[in-house]
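Okay, query_30.tsv now, which holds TSV, C-alpha atoms:
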```tsv
chain	number	residue	atom	x	y	z
A	1	MET	CA	0.00	0.00	0.00
A	2	VAL	CA	1.24	3.46	-0.88
A	3	PHE	CA	0.99	5.97	1.96
A	4	LEU	CA	0.24	9.53	0.93
A	5	ARG	CA	1.45	12.69	2.56
A	6	ALA	CA	-1.01	15.04	4.23
A	7	ARG	CA	-2.26	17.58	1.71
A	8	HIS	CA	-1.20	21.20	1.92
A	9	ASP	CA	-2.20	22.27	-1.59
A	10	GLY	CA	-5.53	23.89	-0.79
A	11	GLY	CA	-7.58	20.88	-1.89
A	12	THR	CA	-10.29	19.31	0.22
A	13	PRO	CA	-9.06	17.60	3.41
A	14	LEU	CA	-7.66	14.14	2.63
A	15	GLY	CA	-8.74	14.68	-0.96
A	16	CYS	CA	-12.26	13.57	0.01
A	17	ASP	CA	-15.65	14.68	-1.26
A	18	PRO	CA	-16.99	17.51	0.96
A	19	ALA	CA	-20.28	15.61	1.37
A	20	ASP	CA	-18.38	12.60	2.76
A	21	LEU	CA	-16.42	14.82	5.14
A	22	ALA	CA	-19.62	16.48	6.34
A	23	GLU	CA	-21.25	13.12	7.01
A	24	VAL	CA	-18.31	11.96	9.11
A	25	GLU	CA	-18.17	15.26	10.98
A	26	ALA	CA	-21.88	14.89	11.75
A	27	VAL	CA	-21.19	11.64	13.62
A	28	VAL	CA	-18.76	13.55	15.83
A	29	ARG	CA	-21.11	16.49	16.31
A	30	ASP	CA	-24.13	14.30	17.08
A	31	SER	CA	-22.19	12.39	19.74
A	32	GLY	CA	-22.60	15.37	22.06
A	33	THR	CA	-18.96	15.33	23.19
A	34	SER	CA	-16.41	18.11	23.08
A	35	PHE	CA	-14.10	15.97	20.95
A	36	GLY	CA	-14.78	17.92	17.76
A	37	LYS	CA	-13.89	21.24	19.33
A	38	GLY	CA	-10.75	19.75	20.82
A	39	MET	CA	-9.55	18.65	17.39
A	40	GLN	CA	-9.85	22.19	16.02
A	41	ILE	CA	-6.18	22.71	16.88
A	42	LEU	CA	-5.26	20.27	14.10
A	43	PRO	CA	-4.83	21.19	10.43
A	44	PRO	CA	-7.72	20.01	8.20
A	45	ASP	CA	-6.23	16.70	6.98
A	46	ARG	CA	-5.41	15.57	10.49
A	47	ARG	CA	-8.64	16.95	11.95
A	48	TYR	CA	-10.83	15.02	9.54
A	49	GLY	CA	-8.62	11.98	9.96
A	50	MET	CA	-9.35	12.12	13.69
A	51	TYR	CA	-13.04	12.64	13.00
A	52	ALA	CA	-12.98	9.41	10.97
A	53	VAL	CA	-11.17	7.50	13.72
A	54	TYR	CA	-13.60	8.87	16.31
A	55	ALA	CA	-16.62	7.97	14.18
A	56	PHE	CA	-15.32	4.41	13.86
A	57	CYS	CA	-14.79	4.17	17.64
A	58	ARG	CA	-18.19	5.74	18.38
A	59	LEU	CA	-20.07	3.35	16.13
A	60	VAL	CA	-18.40	0.18	17.37
A	61	ASP	CA	-18.86	1.36	20.96
A	62	ASP	CA	-22.56	1.82	20.24
A	63	VAL	CA	-22.74	-1.83	19.23
A	64	ALA	CA	-21.44	-2.89	22.65
A	65	ASP	CA	-23.84	-0.56	24.48
A	66	ASP	CA	-26.96	-1.18	22.37
A	67	ASP	CA	-29.76	-3.50	23.40
A	68	GLY	CA	-29.55	-6.97	21.94
A	69	THR	CA	-28.19	-10.39	22.68
A	70	PRO	CA	-24.46	-11.01	23.02
A	71	GLN	CA	-24.64	-13.15	19.88
A	72	ASP	CA	-26.23	-10.34	17.89
A	73	LYS	CA	-23.68	-7.81	19.10
A	74	CYS	CA	-20.75	-10.09	18.29
A	75	GLN	CA	-22.11	-10.67	14.80
A	76	ARG	CA	-22.32	-6.92	14.27
A	77	LEU	CA	-18.75	-6.52	15.49
A	78	ASP	CA	-17.65	-9.30	13.13
A	79	ALA	CA	-19.23	-7.23	10.36
A	80	TRP	CA	-17.00	-4.34	11.42
A	81	ARG	CA	-13.92	-6.60	11.21
A	82	GLU	CA	-14.95	-7.52	7.69
A	83	ARG	CA	-15.48	-3.85	6.89
A	84	ILE	CA	-11.99	-2.97	8.10
A	85	GLY	CA	-10.63	-5.86	6.04
A	86	ARG	CA	-12.31	-4.47	2.94
A	87	LEU	CA	-10.77	-1.06	3.56
A	88	TYR	CA	-7.29	-2.59	3.65
A	89	ALA	CA	-8.16	-4.27	0.34
A	90	GLY	CA	-9.00	-0.83	-1.03
A	91	GLU	CA	-12.80	-1.19	-1.05
A	92	ALA	CA	-14.99	1.64	0.29
A	93	ARG	CA	-18.79	1.52	0.21
A	94	ASP	CA	-20.00	4.67	1.98
A	95	ALA	CA	-18.90	8.09	3.25
A	96	LEU	CA	-17.22	6.84	6.42
A	97	ASP	CA	-15.44	4.10	4.46
A	98	ARG	CA	-14.10	6.62	1.97
A	99	VAL	CA	-12.81	9.01	4.63
A	100	LEU	CA	-11.38	6.17	6.70
A	101	LEU	CA	-9.63	4.73	3.66
A	102	ALA	CA	-8.09	8.11	2.88
A	103	THR	CA	-7.02	8.42	6.54
A	104	ILE	CA	-5.47	4.94	6.56
A	105	ARG	CA	-3.53	5.64	3.39
A	106	THR	CA	-2.45	9.15	4.34
A	107	PHE	CA	-1.22	8.37	7.83
A	108	GLY	CA	-0.26	4.70	7.61
A	109	LEU	CA	-2.75	3.41	10.18
A	110	ARG	CA	-2.40	-0.23	11.13
A	111	ARG	CA	-5.16	-2.76	10.66
A	112	GLU	CA	-4.34	-4.51	13.93
A	113	ASP	CA	-5.09	-1.35	15.90
A	114	PHE	CA	-8.58	-1.09	14.41
A	115	ASN	CA	-9.16	-4.76	15.17
A	116	ALA	CA	-7.90	-4.31	18.73
A	117	VAL	CA	-10.55	-1.64	19.32
A	118	ILE	CA	-13.24	-4.01	17.99
A	119	ASP	CA	-11.88	-6.78	20.25
A	120	GLY	CA	-12.22	-4.44	23.23
A	121	MET	CA	-15.82	-3.67	22.39
A	122	GLU	CA	-16.46	-7.40	22.06
A	123	MET	CA	-15.32	-7.87	25.65
A	124	ASP	CA	-18.23	-5.63	26.67
A	125	ALA	CA	-20.61	-7.10	24.11
A	126	ARG	CA	-20.24	-10.68	25.34
A	127	GLY	CA	-21.73	-9.70	28.67
A	128	PRO	CA	-21.09	-7.23	31.47
A	129	ILE	CA	-17.48	-7.19	32.62
A	130	VAL	CA	-17.55	-7.78	36.36
A	131	ALA	CA	-14.39	-7.68	38.49
A	132	PRO	CA	-11.90	-8.87	35.85
A	133	ASP	CA	-8.52	-10.22	36.88
A	134	GLU	CA	-5.56	-7.87	36.54
A	135	ALA	CA	-4.44	-9.28	33.18
A	136	THR	CA	-7.93	-8.87	31.70
A	137	PHE	CA	-8.22	-5.39	33.17
A	138	ASP	CA	-4.97	-4.33	31.47
A	139	LEU	CA	-5.93	-6.01	28.19
A	140	TYR	CA	-9.26	-4.18	28.20
A	141	CYS	CA	-7.52	-0.84	28.79
A	142	ASP	CA	-5.12	-1.56	25.96
A	143	ARG	CA	-7.85	-2.45	23.49
A	144	VAL	CA	-10.37	0.30	24.19
A	145	ALA	CA	-7.92	3.11	24.92
A	146	SER	CA	-4.27	2.48	24.02
A	147	ALA	CA	-5.20	1.03	20.62
A	148	VAL	CA	-7.16	4.22	19.91
A	149	GLY	CA	-4.04	6.09	20.95
A	150	ARG	CA	-1.90	4.11	18.51
A	151	LEU	CA	-4.22	5.17	15.70
A	152	SER	CA	-4.38	8.75	16.96
A	153	VAL	CA	-0.65	9.49	17.30
A	154	ARG	CA	-0.16	8.60	13.65
A	155	VAL	CA	-2.90	10.98	12.61
A	156	PHE	CA	-1.38	13.61	14.90
A	157	GLY	CA	1.87	13.25	12.95
A	158	ASP	CA	4.22	10.89	14.81
A	159	SER	CA	4.58	7.17	14.06
A	160	SER	CA	7.75	6.62	16.08
A	161	ALA	CA	8.29	4.00	18.78
A	162	ALA	CA	8.17	6.81	21.33
A	163	ALA	CA	4.71	7.80	20.05
A	164	ASP	CA	3.53	4.22	20.55
A	165	THR	CA	4.87	4.44	24.10
A	166	VAL	CA	2.79	7.60	24.59
A	167	ALA	CA	-0.27	5.71	23.33
A	168	PHE	CA	0.43	2.74	25.61
A	169	HIS	CA	0.69	4.78	28.80
A	170	LEU	CA	-1.63	7.69	28.09
A	171	GLY	CA	-4.36	5.31	26.93
A	172	ARG	CA	-4.18	3.39	30.18
A	173	ALA	CA	-4.09	6.59	32.24
A	174	LEU	CA	-7.19	7.94	30.50
A	175	GLN	CA	-9.10	4.67	30.75
A	176	ILE	CA	-8.29	4.16	34.44
A	177	THR	CA	-9.44	7.73	35.10
A	178	ASN	CA	-12.71	7.04	33.27
A	179	ILE	CA	-13.25	3.82	35.19
A	180	LEU	CA	-12.61	5.52	38.52
A	181	ARG	CA	-15.12	8.30	37.93
A	182	ASP	CA	-17.77	6.03	36.39
A	183	VAL	CA	-18.01	3.33	39.06
A	184	ALA	CA	-21.64	4.12	39.91
A	185	GLU	CA	-22.71	4.72	36.30
A	186	ASP	CA	-21.13	1.43	35.23
A	187	ALA	CA	-22.82	-0.38	38.12
A	188	GLN	CA	-26.21	0.71	36.77
A	189	ARG	CA	-25.34	-1.23	33.62
A	190	GLY	CA	-24.24	-4.23	35.63
A	191	ARG	CA	-20.56	-3.56	35.02
A	192	LEU	CA	-17.62	-3.46	37.41
A	193	TYR	CA	-14.27	-2.84	35.75
A	194	LEU	CA	-12.17	-2.71	38.94
A	195	PRO	CA	-9.68	-5.62	39.23
A	196	ALA	CA	-10.83	-8.56	41.35
A	197	GLU	CA	-7.49	-8.86	43.15
A	198	LEU	CA	-7.69	-5.28	44.44
A	199	LEU	CA	-11.34	-5.63	45.42
A	200	ALA	CA	-10.64	-8.81	47.37
A	201	ARG	CA	-7.63	-7.22	49.07
A	202	PHE	CA	-9.87	-4.54	50.60
A	203	ASP	CA	-12.92	-6.74	51.19
A	204	VAL	CA	-14.95	-5.07	48.46
A	205	PRO	CA	-17.78	-7.27	47.13
A	206	LEU	CA	-17.22	-8.52	43.58
A	207	THR	CA	-20.60	-7.21	42.47
A	208	PRO	CA	-21.34	-3.85	40.83
A	209	GLN	CA	-23.80	-2.51	43.40
A	210	GLY	CA	-21.98	-4.07	46.33
A	211	ALA	CA	-18.71	-2.41	45.35
A	212	CYS	CA	-20.35	1.03	45.16
A	213	HIS	CA	-21.25	0.97	48.84
A	214	ALA	CA	-18.17	-0.75	50.25
A	215	GLU	CA	-15.83	1.04	52.63
A	216	GLY	CA	-12.81	-0.47	50.91
A	217	LEU	CA	-13.67	1.17	47.59
A	218	GLU	CA	-11.79	4.25	48.77
A	219	SER	CA	-8.54	2.28	49.06
A	220	VAL	CA	-9.07	0.59	45.70
A	221	GLY	CA	-9.61	3.99	44.12
A	222	ARG	CA	-6.46	5.44	45.67
A	223	ILE	CA	-4.28	2.59	44.42
A	224	LEU	CA	-5.65	2.72	40.88
A	225	ALA	CA	-5.30	6.50	40.86
A	226	GLY	CA	-1.64	6.03	41.75
A	227	ARG	CA	-1.24	3.70	38.77
A	228	ALA	CA	-2.88	6.26	36.51
A	229	HIS	CA	-0.48	8.96	37.72
A	230	ASP	CA	2.45	6.65	36.93
A	231	HIS	CA	1.10	6.20	33.40
A	232	PHE	CA	0.62	9.96	33.00
A	233	ARG	CA	4.24	10.57	34.03
A	234	THR	CA	5.64	7.90	31.73
A	235	ALA	CA	3.54	9.20	28.84
A	236	ALA	CA	4.78	12.74	29.46
A	237	ALA	CA	8.40	11.55	29.43
A	238	ALA	CA	7.84	9.72	26.14
A	239	MET	CA	6.21	12.83	24.62
A	240	ARG	CA	9.50	14.68	25.08
A	241	GLN	CA	11.06	12.22	22.60
A	242	CYS	CA	8.32	12.86	20.02
A	243	ASP	CA	7.53	15.57	17.52
A	244	ARG	CA	6.45	18.43	19.77
A	245	ARG	CA	3.81	19.81	17.43
A	246	ALA	CA	2.32	16.38	16.78
A	247	MET	CA	1.92	15.75	20.49
A	248	ARG	CA	-0.16	18.87	21.17
A	249	PRO	CA	-3.50	17.00	21.32
A	250	ALA	CA	-1.95	14.31	23.52
A	251	ARG	CA	-0.63	16.94	25.93
A	252	VAL	CA	-4.06	18.55	26.15
A	253	MET	CA	-5.80	15.21	26.78
A	254	GLY	CA	-3.21	14.21	29.36
A	255	ALA	CA	-3.47	17.49	31.25
A	256	THR	CA	-7.28	17.48	31.16
A	257	TYR	CA	-7.63	13.93	32.41
A	258	ALA	CA	-4.94	14.40	35.05
A	259	ALA	CA	-7.03	17.29	36.38
A	260	ILE	CA	-10.14	15.09	36.37
A	261	LEU	CA	-8.25	12.42	38.28
A	262	ALA	CA	-7.03	14.99	40.82
A	263	ALA	CA	-10.61	16.19	41.30
A	264	GLN	CA	-11.76	12.61	41.83
A	265	GLU	CA	-9.02	12.07	44.40
A	266	ARG	CA	-10.11	15.18	46.28
A	267	GLN	CA	-13.69	13.95	46.31
A	268	GLY	CA	-12.82	10.35	47.08
A	269	TRP	CA	-14.97	7.29	46.42
A	270	ARG	CA	-17.34	7.33	49.38
A	271	ARG	CA	-20.08	8.72	47.12
A	272	PRO	CA	-19.25	7.34	43.67
A	273	GLU	CA	-22.65	8.42	42.34
A	274	CYS	CA	-21.36	12.03	42.41
A	275	ARG	CA	-19.49	12.08	39.09
A	276	VAL	CA	-16.71	14.66	38.97
A	277	SER	CA	-16.36	17.04	36.05
A	278	LEU	CA	-14.45	20.16	35.06
A	279	SER	CA	-16.03	23.48	34.14
A	280	ARG	CA	-15.56	24.73	30.60
A	281	PRO	CA	-13.36	27.67	31.70
A	282	ARG	CA	-11.20	25.23	33.65
A	283	LYS	CA	-10.83	22.97	30.60
A	284	LEU	CA	-9.89	25.92	28.41
A	285	LEU	CA	-7.25	27.06	30.90
A	286	ILE	CA	-5.79	23.55	31.13
A	287	ALA	CA	-5.68	23.28	27.34
A	288	ALA	CA	-3.99	26.66	26.98
A	289	ARG	CA	-1.31	25.76	29.50
A	290	ALA	CA	-0.71	22.37	27.89
A	291	LEU	CA	-0.27	23.92	24.45
A	292	VAL	CA	2.41	26.34	25.61
A	293	SER	CA	4.23	23.96	27.96
```
When written as C-alpha cells, how does the structure in this file appear?
Amino acid sequence: MVFLRARHDGGTPLGCDPADLAEVEAVVRDSGTSFGKGMQILPPDRRYGMYAVYAFCRLVDDVADDDGTPQDKCQRLDAWRERIGRLYAGEARDALDRVLLATIRTFGLRREDFNAVIDGMEMDARGPIVAPDEATFDLYCDRVASAVGRLSVRVFGDSSAAADTVAFHLGRALQITNILRDVAEDAQRGRLYLPAELLARFDVPLTPQGACHAEGLESVGRILAGRAHDHFRTAAAAMRQCDRRAMRPARVMGATYAAILAAQERQGWRRPECRVSLSRPRKLLIAARALVS
C-alpha cells in the first residue's frame, strides 16, 4: 500500500468529497462530546482523519452498548472486522469508508489497531465485565484506549516508537481515570471494571452494586489513581522524545484527564454516584497551559 502525505495544496481535506467529510463530521457532532472542538487545533487533513477514527470508535462502541443479545452484538462486530478488512483491500462503500480509507492511506494506520478496538468492544458485548482479573483489566484498557491512541498518534503526525509508548501509557491513564469516575454509572449497567485482586484485598464485594457501597472502595480507588499517575508521568516523558507539534492534542488530553483524576481524588470514592467534572473555563485554561508547555 502506498501511503500519501497530508495535503497542503488547498484541496479538500484528505482529498475527500466535501459531502463525505460532512457526514463523518456529523457523527462527531451528534455524539454530544467536546471531541470535535478539541480537534480544532489540528490542520484540516489531520482533523478530519481524527473525526474518521472517532466515528469508527463511536459506532463500534454503540454496538457494545446497544440493546440486543451477546450473539447479535458479536455478529455486528464481526461485520465491522470484515469492513476494516475491505478497507485494507481498497474497497470503500460509503462516506465513512471513503474518509477512513483516505485516513489509513495518508497516515499509515495499522489494521491490527482497528481490530484491537473491535476486540475491546467485544469484551463488553459478550456480557457485562464484572471484576476482571488484573491481566484482563490491562488487556481491556489496551484495546479500548491504548489502541485508539496508537491510531491517533499517527494521525497527529508521529509514528515513532516513542509515540507508541505515549499511546500505551496515556491510553491506560485515560481509561483508568474514566473507570474511577464512572463506578456508579457502570454499576447501573451491571458492570464493574475494577480488578478482582484489588477488590478482594480490601474486602470489596465482587458485584457492581456491592462495590459502590463498600468502605474499601476508597482504598481501591487510591491505588488505581496512583497507577494512573504513573502512566501519566511515563507518557509525558515519552512525549519529550516525540515531535512536539504532533503531540499537542496528547498533551491537552493528558493534562485534562490528570485534572479530572485529581478532582476525583479530592472527592474520594465514598459517594461514587457524584461524578466529577471540570467546568468549561477550567478545561480551556488547562488546554492553553498544555499547548504552551
**Message:** Need the shell around range 263-265 of chain A: protein/DNA/RNA residues with any atom at most 10 Å away, counting all atoms listed in the file. Skip same-chain ones fewer than 6 positions apart. Format as a PyMOL selection string?
**Reply:** chain A and resi 177+180-181+218+221-222+225-226+257+272+274-278
Would you tabulate, counting all atoms listed in the file, all residues of range 85-129 of chain A that have an atom at most 9 Å from an atom of range 45-48 of chain A, showing the closest pair of atoms and their distance in Å to one decimal, sorted by chain then ascending number, as CSV?
```
residue,atom,partner,partner_atom,distance
A:Val99,CA,A:Tyr48,CA,8.0
A:Thr103,CA,A:Tyr48,CA,8.2
A:Thr106,CA,A:Asp45,CA,8.8
A:Phe107,CA,A:Arg46,CA,8.7
```
**Item:** Contacts of range 187-192 of chain A at 10 Å (only C-alpha atoms; same-chain gap of 6+ positions) as number ranges by chain
**Value:** A: 65, 124, 127-132, 179, 206-212, 273
**Asked** CA of Ala145 in chain A and CA of Asp113 in chain A are how many Å apart?
**Response**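 Between these atoms lies a distance of 10.5 Å.
Residue nearest Val63 in chain A within the list A:Ala102, A:Leu87, A:Met123, A:Ala19: A:Met123 [criterion: smallest interatomic distance, all atoms listed in the file].
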So for range 259-274 of chain A, what box centre and size do we get, axis-aligned, 6 Å extra on each of the six sides, every listed atom, Å to one decimal, as AutoDock Vina command-line options?
```
--center_x -14.8 --center_y 12.3 --center_z 42.9 --size_x 27.6 --size_y 22.0 --size_z 25.0
```
**Message:** Using only C-alpha atoms, can you tell me which of A:Ala255, A:Ile118, A:Ala22, A:Val166 comes closest to Arg143 in chain A?
**Reply:** A:Ile118
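Nearest residue to Asp30 in chain A, choosing from A:Ala163, A:Val148, A:Leu139, A:Leu59 and counting all atoms listed in the file: A:Leu59.
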**Request:** For Asp243 in chain A, list every protein, DNA or RNA residue within 8 Å, evaluated using only C-alpha atoms, and leave out those in the same chain fewer than 3 positions away; present the list as a list in words.
**Result:** Gly157, Asp158, Met239, Arg240, Ala246 and Met247 of chain A
**Asked** CA of Leu96 in chain A and CA of Cys57 in chain A are how many Å apart?
**Response**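 CA of Cys57 in chain A lies at a distance of 11.8 Å from CA of Leu96 in chain A.
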When you get a chance, write out N, CA, C and O atoms for range 225-246 of chain A, as a short mmCIF file (atom, residue, chain, number, x, y, z; two decimals), keeping the file's coordinate frame.
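Result saved to rebuild.cif:
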```
data_model
loop_
_atom_site.label_atom_id
_atom_site.label_comp_id
_atom_site.auth_asym_id
_atom_site.auth_seq_id
_atom_site.Cartn_x
_atom_site.Cartn_y
_atom_site.Cartn_z
N ALA A 225 -5.67 5.14 41.21
CA ALA A 225 -5.30 6.50 40.86
C ALA A 225 -3.78 6.66 40.82
O ALA A 225 -3.23 7.33 39.94
N GLY A 226 -3.10 6.00 41.76
CA GLY A 226 -1.64 6.03 41.75
C GLY A 226 -1.07 5.40 40.48
O GLY A 226 -0.10 5.91 39.89
N ARG A 227 -1.69 4.32 40.03
CA ARG A 227 -1.24 3.70 38.77
C ARG A 227 -1.44 4.67 37.61
O ARG A 227 -0.58 4.79 36.73
N ALA A 228 -2.60 5.32 37.60
CA ALA A 228 -2.88 6.26 36.51
C ALA A 228 -1.85 7.38 36.50
O ALA A 228 -1.35 7.77 35.42
N HIS A 229 -1.49 7.90 37.66
CA HIS A 229 -0.48 8.96 37.72
C HIS A 229 0.86 8.46 37.17
O HIS A 229 1.56 9.20 36.46
N ASP A 230 1.22 7.22 37.48
CA ASP A 230 2.45 6.65 36.93
C ASP A 230 2.40 6.62 35.40
O ASP A 230 3.38 6.95 34.72
N HIS A 231 1.25 6.23 34.87
CA HIS A 231 1.10 6.20 33.40
C HIS A 231 1.16 7.60 32.82
O HIS A 231 1.76 7.82 31.76
N PHE A 232 0.54 8.57 33.47
CA PHE A 232 0.62 9.96 33.00
C PHE A 232 2.07 10.43 32.94
O PHE A 232 2.49 11.05 31.96
N ARG A 233 2.83 10.13 33.99
CA ARG A 233 4.24 10.57 34.03
C ARG A 233 5.06 9.90 32.93
O ARG A 233 5.88 10.56 32.27
N THR A 234 4.88 8.61 32.75
CA THR A 234 5.64 7.90 31.73
C THR A 234 5.27 8.39 30.34
O THR A 234 6.12 8.54 29.46
N ALA A 235 3.98 8.65 30.12
CA ALA A 235 3.54 9.20 28.84
C ALA A 235 4.17 10.56 28.59
O ALA A 235 4.63 10.86 27.47
N ALA A 236 4.20 11.41 29.61
CA ALA A 236 4.78 12.74 29.46
C ALA A 236 6.26 12.67 29.12
O ALA A 236 6.76 13.44 28.29
N ALA A 237 6.97 11.72 29.74
CA ALA A 237 8.40 11.55 29.43
C ALA A 237 8.59 11.11 27.98
O ALA A 237 9.49 11.58 27.28
N ALA A 238 7.73 10.20 27.52
CA ALA A 238 7.84 9.72 26.14
C ALA A 238 7.50 10.83 25.15
O ALA A 238 8.09 10.91 24.06
N MET A 239 6.57 11.71 25.52
CA MET A 239 6.21 12.83 24.62
C MET A 239 7.42 13.72 24.33
O MET A 239 7.53 14.29 23.24
N ARG A 240 8.33 13.82 25.28
CA ARG A 240 9.50 14.68 25.08
C ARG A 240 10.44 14.12 24.01
O ARG A 240 11.33 14.83 23.53
N GLN A 241 10.26 12.85 23.66
CA GLN A 241 11.06 12.22 22.60
C GLN A 241 10.35 12.28 21.24
O GLN A 241 10.88 11.80 20.24
N CYS A 242 9.15 12.84 21.22
CA CYS A 242 8.32 12.86 20.02
C CYS A 242 8.34 14.23 19.37
O CYS A 242 8.86 15.21 19.92
N ASP A 243 7.73 14.30 18.19
CA ASP A 243 7.53 15.57 17.52
C ASP A 243 6.64 16.45 18.40
O ASP A 243 5.51 16.07 18.71
N ARG A 244 7.16 17.59 18.80
CA ARG A 244 6.45 18.43 19.77
C ARG A 244 5.09 18.88 19.25
O ARG A 244 4.09 18.83 19.96
N ARG A 245 5.06 19.32 17.99
CA ARG A 245 3.81 19.81 17.43
C ARG A 245 2.79 18.69 17.33
O ARG A 245 1.60 18.89 17.62
N ALA A 246 3.24 17.51 16.93
CA ALA A 246 2.32 16.38 16.78
C ALA A 246 1.69 15.98 18.10
O ALA A 246 0.55 15.51 18.14
#
```
